[in-house]
Amino acid sequence: MFSLEKTALSISCCYMCGRFARRSTQEVLADWFGVALEDMPWFAPSFNVAPQSFQPIVRLNSDHGKREFSLARWGLVPFWARDAKIGFSTINARAEEADSKPTFCEAMKKRRCLLPSDAFFEWKRPNAKSKIPFAIALAEEKPFALAGLWECWTPKDGPSLETFTVLTTEPNELMAHIHNRMPVILDPEDYGRWLDVGSPAAVVSDLLRPYPAERMRAWTVSSRVGNVRNNDAELLDPQVGG
């Protein structure tokens with residue numbers, strides 16, 4: 001039987017970034033991103049965000065130009081796609097190629113977004129038979145935004161579907177011993193530039209860089225994070241002896 005949970009697990013093991021956590025409350029995120037709490041769609045914290053799940057994104061409203069929260073599914077489906085299955089292989093977009101790849105180039109020009117996060121997960125593979133899960137966050141323990149792209153896809157029959165992808169870049173010194181890629185993390189002072197799609201992709205290309213390693217920390221966590229059905233705060237606890 002087809003299983004979104006099994007598919008999400010296999011996807012996350014093949015891509016970077018394939019899991020992240022958002023423990024901040026809506027009140028905290030409303031203040032952090034400058035959006036009125038009463039205007040936000042409801043969503044709960046999630047400690048094991050997996051591909052194909054619906055998550056909050058921050059973008060500019062097309063009517064009034066102000067920031068807004070919206071819920072979208074992880075795994076970008078371009079507007080021209082024949083069906084939504086492409087979203088299983090588009091949870092990430094390589095930052096250095098996004099403006100030239102047909103799947104992502106239109107979104108890179110017109111539909112950039114922020115993905116509220118508090119940590120992301122990655123698996124280090126010391127050998128072919130083992131893997132060690134890590135949580136990675138900011139050293140100052142504050143929320144942050146991953147750089148993302150979003151799209152709206154309309155099937156022949158049925159409602160429109162909004163989806164997103166996470167941009168990745170080369171690893172910094174902290175991430176290099178864990179994985180060969182890392183998600184693009186944006187500083188708050190750069191949120192406006194990234195969201196302003198009036199600025200060509202080339203103008204914001206300097207933002208698509210590895211985040212400073214000295215401003216981040218990484219720690220081993222329980223292998224429970226590998227199961228998408230586990231979604232609790234203990235997933236972020238340091239592993240004993242790790």
# chains A, B, ... in the order shown; residues from 1 in each chain; ligands from 1
call {"tool": "select_by_dssp", "arguments": {"residues": "range 37-164 of chain A", "states": "strand (DSSP E)", "output": "PyMOL selection string"}}
result
chain A and resi 46-49+54-60+67-74+92-94+112-117+119-127+130-138+144-153+161-164
call {"tool": "closest_atom_pairs", "arguments": {"of": "range 129-164 of chain A", "to": "range 53-77 of chain A", "cutoff": "10 Å", "atoms": "only C-alpha atoms", "output": "CSV"}}
result
residue,atom,partner,partner_atom,distance
A:Ala145,CA,A:Val58,CA,9.1
A:Leu146,CA,A:Ile57,CA,9.7
A:Gly148,CA,A:Ile57,CA,8.4
A:Leu149,CA,A:Leu76,CA,7.9
A:Trp150,CA,A:Leu76,CA,6.7
A:Glu151,CA,A:Leu76,CA,6.5
A:Cys152,CA,A:Val77,CA,7.4
A:Trp153,CA,A:Val77,CA,6.3
A:Thr154,CA,A:Val77,CA,9.6
A:Leu161,CA,A:Ala72,CA,7.6
A:Glu162,CA,A:Ala72,CA,5.0
A:Thr163,CA,A:Arg73,CA,4.4
A:Phe164,CA,A:Leu76,CA,4.6
call {"tool": "write_last_selection", "arguments": {"atoms": "C-alpha atoms", "output": "PDB file, in the first residue's frame"}}
result
ATOM      1  CA  ALA A 145      14.357  31.237   8.391  1.00  0.00           C
ATOM      2  CA  LEU A 146      15.376  28.826   5.668  1.00  0.00           C
ATOM      3  CA  GLY A 148      12.568  28.677   0.119  1.00  0.00           C
ATOM      4  CA  LEU A 149      10.609  28.859  -3.112  1.00  0.00           C
ATOM      5  CA  TRP A 150       6.900  28.261  -3.499  1.00  0.00           C
ATOM      6  CA  GLU A 151       4.575  27.429  -6.352  1.00  0.00           C
ATOM      7  CA  CYS A 152       0.859  27.117  -7.048  1.00  0.00           C
ATOM      8  CA  TRP A 153      -0.199  24.146  -9.173  1.00  0.00           C
ATOM      9  CA  THR A 154      -3.731  23.688 -10.497  1.00  0.00           C
ATOM     10  CA  LEU A 161      -2.115  23.108  -4.466  1.00  0.00           C
ATOM     11  CA  GLU A 162       0.596  25.348  -3.002  1.00  0.00           C
ATOM     12  CA  THR A 163       3.975  23.725  -2.450  1.00  0.00           C
ATOM     13  CA  PHE A 164       7.509  24.719  -1.469  1.00  0.00           C
TER      14      PHE A 164
END
call {"tool": "closest_atom_pairs", "arguments": {"of": "range 47-122 of chain A", "to": "range 218-226 of chain A", "cutoff": "9 Å", "atoms": "only C-alpha atoms", "output": "Markdown table"}}
result
| residue | atom | partner | partner_atom | distance |
| --- | --- | --- | --- | --- |
| A:Phe47 | CA | A:Val225 | CA | 8.8 |
| A:Asn48 | CA | A:Val225 | CA | 6.8 |
| A:Phe121 | CA | A:Val225 | CA | 8.4 |
call {"tool": "atom_distance", "arguments": {"atom1": "CA of Glu140 in chain A", "atom2": "CA of Pro51 in chain A"}}
result
26.9 Å
call {"tool": "atom_distance", "arguments": {"atom1": "CA of Phe144 in chain A", "atom2": "CA of Ile185 in chain A"}}
result
7.1 Å
call {"tool": "closest_residue", "arguments": {"among": "A:Glu27, A:Ser89, A:Glu38, A:Met108", "to": "Gly198 in chain A", "atoms": "only C-alpha atoms"}}
result
A:Met108
